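Chemist: After the structure tokens below, expect a handful of questions from me.
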Amino acid sequence: MPAVISPLQAQIVFWQVQPGATVLPGELLVVLEAMKMEHEVRAPSAGRLGQVFFLAGEQVEAGAQLAMIEVIASAAAPPAALPPEGVSSSPSGLRQALQRVRQRHAKTTDASRVTALEKRHALGLRSARENIADLCDADSFMEYGALAVAAQRSRRSEEDLIENTPADGMVTGIGSINSALFGPEASRAVVMAYDATVLAGTQGMRNHQKTDRLLGIALQQKLPVLLFAEGGGGRPGDTDMPIVAGLHVGTFASFARLNGQVPVIGIAAGRCFAGNAALLGCCDLIIATTSSNIGMGGPAMVEGGGLGVFRPEQIGPSASQHSNGVIDVLVQDEAEAVAVARRYLAFFQGTLGQWLAPDGNTLRDVVPENRLRVYDTLAVMDGIADIGSVLTLRTGFGKGIHTALARIEGKAIGIMANNPQHLGGAIDADAADKAARFMQLCNAHGLPLVSLIDTPGFMVGPDMEEQAQVRHVSRMFIAATHLRVPFFSVVLRKGYGLGAMAMAAGSFHAPLFTVAWPTGEFGAMGLEGAVRLGYRKELEAQPEGPQRETLYDTLVAQQYDKGSALNMATTLEIDAVIDPAETRVWLMRGLQSTRVRPGGGYAIDAW
């Protein structure tokens, strides 16, 4: 006769089945309580419940015999029991608590906010959740803090808050991006999106808490961060928090702390002002749509400061913010912004196993035979990088130097190149700032650097010096001394003076190699200027006219021959003169023979 045994020391709460009743295996017999928790004891076999040895309220020891089961020939099934408390009797079989959770989550979705979504689409913009769904791989996004509402319970009903302030105006979580290329571990990223349909995407106290939570995880787990930053800044209407100004909030310091630790990408569409813009400005990369407006103060703040009345569209329009260097990549819409973000992030996720090489022979004709004729150094980037891999950055600003991310045989690199089409390739303050920050970016995240040199040097003159040229151009030397990544220099044509040295990490012997194309020419300054200054007496000794010009041309030719790439290689000031078609091979072999030195936490200037 099977016994019913107590599994622990406990108190009898109640008997579910009375003596004499037939039971089936596993049927609940008695409920015990220990440490405020209830434990079920079920029938060990089929039969009839015999005498019970303890009643409700009595204490039993572990192993105590509670009752006996009398085995009978057949045991009829007991009548159907009522569902336990809290369990739904609906056809779905879901418990009421789970149904409530599902209903509450449904309130946060776009499907439950049709009117807000229609208004958003009428502006040609997408919702926060639509952008996240496009950015993250399918079904990979895990949302944190979805059930938050604005901290305004003292002035609004719970129903109002649930309906109109879902997620407190910010969607946060972790998802996968590019997992098909780099696998699940390398693809995880923190994604945060201000929801402009909720209180204008403003920064509430709850969404600050959500932001801080995710930023802490990003720093701890070394996860990239992608921020959709549209919104109006701080929110004055949150009344539930006992604060005055909220200046103790840690979000901005936490966001800035990610600098140099993990890739941080910001996307702006529509209006991005005040606190939202401050976070955007901390990003490594800013992608913005042509319809965006970005500013440290929106119209209300400007007017409140007595600075005039302006429409939002007048403050920080994209054209201005692209040309002044705030926007790194200008795109048409959010769909393109998301595509660029995925592409940019991929450079920091790993090496691609498949790639297509360009025809290197095209490089032989990129530099014109006429040494005074301009050309496009972007064509050189395309000629050495994997086909379709070049992503140019900050194209509206510092036009004297091109900067881009690219790949060689699937490996991510950074490329910077002088632009002869702007100031003849001379480096002005903006170009120097652009190059210095680009070196910092690649250094912080471990991307080798390739420098394509064609410059007459730093830009000079009274107007330049009024722009603090001395300080700005020196940033290139300082940034280069902190590099832990391999650096390679290729002189395409002009390699003159301090500007050429700055493009070569401070010295032609600082890079892992400095090579030149046959078109390379070198000097402490531009050849023409060197002749006019160094041979002034000889020139002035000749009568003005053909004789002086003939002597000048002869001296320039002599200087050109003296400063040719071949002569530079003979004196070992450069490492080699190469066939332009072999540039990619040189770079590939250089990458294979070098490594990124360990390190991290290298700062990237916001500027």
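Identifiers in the structure tokens: chain A, B, ... in order shown; residue index from 1 per chain; ligand index from 1 in order shown.
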Leaving out Asp561 in chain A and any residue of its chain fewer than 5 positions from it, which residues lie within 10 Å of it when counting only C-alpha atoms, given as an MDAnalysis selection string?
Modeler: chainID A and resid 521:522 555:556 566:567
Chemist: Kindly save the residues from that selection, with C-alpha atoms included, as a JSON list (two decimals), in the first residue's frame.
Modeler:
[["chain", "number", "residue", "atom", "x", "y", "z"],
["A", 521, "GLU", "CA", 58.29, 65.09, -56.03],
["A", 522, "PHE", "CA", 59.76, 66.35, -52.79],
["A", 555, "LEU", "CA", 66.44, 76.03, -62.04],
["A", 556, "VAL", "CA", 62.95, 74.64, -61.41],
["A", 566, "LEU", "CA", 64.03, 58.21, -57.46],
["A", 567, "ASN", "CA", 66.49, 60.57, -55.79]]
Chemist: Which polymer residues have any atom within 12 Å of an atom of Ala300 in chain A, counting only C-alpha atoms, with same-chain residues fewer than 4 positions away left out, as a PyMOL selection string?
Modeler: chain A and resi 232-234+273-274+295-296+304-312+315
Chemist: Suppose we keep N, CA and C atoms; can you now write the selection as a PDB file, in the first residue's frame?
Modeler:
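After the write, result.pdb holds the following:
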ATOM      1  N   GLY A 232      13.461  67.197 -28.481  1.00  0.00           N
ATOM      2  CA  GLY A 232      13.555  68.597 -28.098  1.00  0.00           C
ATOM      3  C   GLY A 232      14.326  68.903 -26.851  1.00  0.00           C
ATOM      4  N   GLY A 233      15.069  67.924 -26.305  1.00  0.00           N
ATOM      5  CA  GLY A 233      15.857  68.222 -25.115  1.00  0.00           C
ATOM      6  C   GLY A 233      15.107  67.926 -23.828  1.00  0.00           C
ATOM      7  N   GLY A 234      15.486  68.604 -22.765  1.00  0.00           N
ATOM      8  CA  GLY A 234      14.916  68.339 -21.444  1.00  0.00           C
ATOM      9  C   GLY A 234      13.429  68.619 -21.383  1.00  0.00           C
ATOM     10  N   PHE A 273      17.395  69.054 -30.729  1.00  0.00           N
ATOM     11  CA  PHE A 273      17.833  70.242 -30.012  1.00  0.00           C
ATOM     12  C   PHE A 273      18.249  69.917 -28.579  1.00  0.00           C
ATOM     13  N   ALA A 274      18.998  70.839 -27.995  1.00  0.00           N
ATOM     14  CA  ALA A 274      19.341  70.859 -26.568  1.00  0.00           C
ATOM     15  C   ALA A 274      19.974  69.539 -26.118  1.00  0.00           C
ATOM     16  N   GLY A 295      20.659  71.671 -33.123  1.00  0.00           N
ATOM     17  CA  GLY A 295      21.128  72.860 -32.421  1.00  0.00           C
ATOM     18  C   GLY A 295      21.151  72.657 -30.927  1.00  0.00           C
ATOM     19  N   MET A 296      22.034  73.374 -30.248  1.00  0.00           N
ATOM     20  CA  MET A 296      22.114  73.267 -28.803  1.00  0.00           C
ATOM     21  C   MET A 296      20.960  73.962 -28.095  1.00  0.00           C
ATOM     22  N   GLY A 304      13.677  82.468 -25.234  1.00  0.00           N
ATOM     23  CA  GLY A 304      13.772  82.702 -23.797  1.00  0.00           C
ATOM     24  C   GLY A 304      15.042  83.429 -23.411  1.00  0.00           C
ATOM     25  N   GLY A 305      16.089  83.279 -24.211  1.00  0.00           N
ATOM     26  CA  GLY A 305      17.335  83.978 -23.941  1.00  0.00           C
ATOM     27  C   GLY A 305      17.369  85.384 -24.510  1.00  0.00           C
ATOM     28  N   GLY A 306      16.237  85.810 -25.073  1.00  0.00           N
ATOM     29  CA  GLY A 306      16.164  87.157 -25.630  1.00  0.00           C
ATOM     30  C   GLY A 306      16.942  87.319 -26.917  1.00  0.00           C
ATOM     31  N   LEU A 307      17.104  86.220 -27.659  1.00  0.00           N
ATOM     32  CA  LEU A 307      17.925  86.249 -28.872  1.00  0.00           C
ATOM     33  C   LEU A 307      17.098  86.293 -30.153  1.00  0.00           C
ATOM     34  N   GLY A 308      15.807  86.462 -29.995  1.00  0.00           N
ATOM     35  CA  GLY A 308      14.963  86.576 -31.177  1.00  0.00           C
ATOM     36  C   GLY A 308      14.012  85.401 -31.309  1.00  0.00           C
ATOM     37  N   VAL A 309      13.112  85.527 -32.278  1.00  0.00           N
ATOM     38  CA  VAL A 309      12.104  84.502 -32.538  1.00  0.00           C
ATOM     39  C   VAL A 309      12.437  83.836 -33.867  1.00  0.00           C
ATOM     40  N   PHE A 310      12.588  82.505 -33.836  1.00  0.00           N
ATOM     41  CA  PHE A 310      12.964  81.762 -35.031  1.00  0.00           C
ATOM     42  C   PHE A 310      12.090  80.523 -35.167  1.00  0.00           C
ATOM     43  N   ARG A 311      11.892  80.120 -36.411  1.00  0.00           N
ATOM     44  CA  ARG A 311      11.248  78.843 -36.670  1.00  0.00           C
ATOM     45  C   ARG A 311      12.285  77.731 -36.491  1.00  0.00           C
ATOM     46  N   PRO A 312      11.843  76.515 -36.137  1.00  0.00           N
ATOM     47  CA  PRO A 312      12.801  75.413 -35.965  1.00  0.00           C
ATOM     48  C   PRO A 312      13.673  75.202 -37.195  1.00  0.00           C
ATOM     49  N   ILE A 315      17.101  76.993 -37.404  1.00  0.00           N
ATOM     50  CA  ILE A 315      18.167  76.700 -36.450  1.00  0.00           C
ATOM     51  C   ILE A 315      18.899  75.424 -36.865  1.00  0.00           C
TER      52      ILE A 315
END
Chemist: At a cut-off of 12 Å, using only C-alpha atoms, what residues contact Gln9 in chain A? Leave out same-chain residues fewer than 3 positions from it and give the result as a PyMOL selection string.
Modeler: chain A and resi 5-6+12+32-35+38-39+58-66
Chemist: Rounded to one decimal place, report the CA of Tyr344 in chain A-CA of Ile265 in chain A distance in Å.
Modeler: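 Going from CA of Tyr344 in chain A over to CA of Ile265 in chain A, I get 8.7 Å.
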Chemist: Using only C-alpha atoms, which residues sit within 12 Å of Val340 in chain A once same-chain residues fewer than 3 positions away are excluded, as a ChimeraX atom specification?
Modeler: /A:134-135,226,265-267,285-289,328-337,343-347,389-393,405
Chemist: So, with only C-alpha atoms as the atoms that count, which of A:Ala406, A:Ile478, A:Val485, A:Ile69 lies closest to Ala385 in chain A?
Modeler: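 Looking at the shortest contact to Ala385 in chain A, the residue is A:Ala406.
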Chemist: Could you find all residues in range 357-539 of chain A that DSSP calls strand (DSSP E) from the backbone, and write them as a ChimeraX atom specification?
Modeler: /A:391-393,401-408,411-418,449-455,487-496,513-516,521-523
Chemist: Range 351-358 of chain A: which residues within 7 Å, counting only C-alpha atoms, same-chain residues fewer than 6 positions away excluded, as a ChimeraX atom specification?
Modeler: /A:383-384,386-387,409-412
Chemist: For the residues in the current selection, export C-alpha atoms as a PDB file, in the first residue's frame.
Modeler:
ATOM      1  CA  GLY A 383      41.707  51.924 -56.878  1.00  0.00           C
ATOM      2  CA  ILE A 384      43.285  50.394 -53.779  1.00  0.00           C
ATOM      3  CA  ASP A 386      37.881  46.464 -52.155  1.00  0.00           C
ATOM      4  CA  ILE A 387      35.203  47.320 -54.691  1.00  0.00           C
ATOM      5  CA  GLU A 409      40.975  42.023 -48.747  1.00  0.00           C
ATOM      6  CA  GLY A 410      38.114  42.316 -46.299  1.00  0.00           C
ATOM      7  CA  LYS A 411      40.169  43.995 -43.569  1.00  0.00           C
ATOM      8  CA  ALA A 412      38.904  47.375 -42.355  1.00  0.00           C
TER       9      ALA A 412
END
Chemist: Hey, which of A:Leu258, A:Ile604, A:Ala268, A:Met501 ends up closest to Leu441 in chain A? Count only C-alpha atoms.
Modeler: A:Ile604
Chemist: Would you return as number ranges by chain the members of range 354-511 of chain A that DSSP assigns to helix (DSSP H, G or I) on this structure's backbone?
Modeler: A: 360-365, 378-384, 423-425, 429-444, 462-465, 469-481, 497-503
Chemist: Here is a test: counting only C-alpha atoms, which residue of A:Asp365, A:Glu163, A:Glu465, A:Asp168 is nearest to Ala151 in chain A?
Modeler: A:Asp168
Chemist: Do you know which residues are at most 6 Å from range 195-205 of chain A counting only C-alpha atoms, after dropping those on the same chain fewer than 3 positions away, and could you put them as an mmCIF file with N, CA, C and O atoms, in the first residue's frame?
Modeler:
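selection.cif was written with the following content:
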data_model
loop_
_atom_site.group_PDB
_atom_site.id
_atom_site.type_symbol
_atom_site.label_atom_id
_atom_site.label_comp_id
_atom_site.auth_asym_id
_atom_site.auth_seq_id
_atom_site.Cartn_x
_atom_site.Cartn_y
_atom_site.Cartn_z
ATOM 1 N N ALA A 128 10.113 55.498 -34.093
ATOM 2 C CA ALA A 128 11.316 54.972 -33.443
ATOM 3 C C ALA A 128 11.401 53.468 -33.624
ATOM 4 O O ALA A 128 12.480 52.910 -33.906
ATOM 5 N N THR A 165 2.147 58.234 -23.248
ATOM 6 C CA THR A 165 3.591 58.339 -22.963
ATOM 7 C C THR A 165 4.239 56.956 -22.915
ATOM 8 O O THR A 165 5.006 56.654 -21.999
ATOM 9 N N GLY A 169 8.721 57.810 -23.994
ATOM 10 C CA GLY A 169 9.257 58.518 -25.150
ATOM 11 C C GLY A 169 10.631 58.079 -25.588
ATOM 12 O O GLY A 169 11.312 58.802 -26.319
ATOM 13 N N MET A 170 11.063 56.895 -25.154
ATOM 14 C CA MET A 170 12.363 56.404 -25.600
ATOM 15 C C MET A 170 12.373 54.886 -25.614
ATOM 16 O O MET A 170 12.046 54.250 -24.610
ATOM 17 N N HIS A 208 15.702 59.003 -18.935
ATOM 18 C CA HIS A 208 17.090 59.170 -18.492
ATOM 19 C C HIS A 208 17.547 57.917 -17.741
ATOM 20 O O HIS A 208 18.674 57.443 -17.926
ATOM 21 N N GLY A 231 14.619 64.927 -31.094
ATOM 22 C CA GLY A 231 13.857 65.326 -29.915
ATOM 23 C C GLY A 231 14.211 66.722 -29.461
ATOM 24 O O GLY A 231 15.146 67.343 -29.952
ATOM 25 N N GLY A 232 13.461 67.197 -28.481
ATOM 26 C CA GLY A 232 13.555 68.597 -28.098
ATOM 27 C C GLY A 232 14.326 68.903 -26.851
ATOM 28 O O GLY A 232 14.227 70.005 -26.310
ATOM 29 N N GLY A 233 15.069 67.924 -26.305
ATOM 30 C CA GLY A 233 15.857 68.222 -25.115
ATOM 31 C C GLY A 233 15.107 67.926 -23.828
ATOM 32 O O GLY A 233 14.199 67.094 -23.778
ATOM 33 N N GLY A 234 15.486 68.604 -22.765
ATOM 34 C CA GLY A 234 14.916 68.339 -21.444
ATOM 35 C C GLY A 234 13.429 68.619 -21.383
ATOM 36 O O GLY A 234 12.914 69.499 -22.054
ATOM 37 N N ARG A 235 12.740 67.851 -20.523
ATOM 38 C CA ARG A 235 11.287 67.967 -20.380
ATOM 39 C C ARG A 235 10.947 68.584 -19.028
ATOM 40 O O ARG A 235 11.235 67.988 -17.983
#
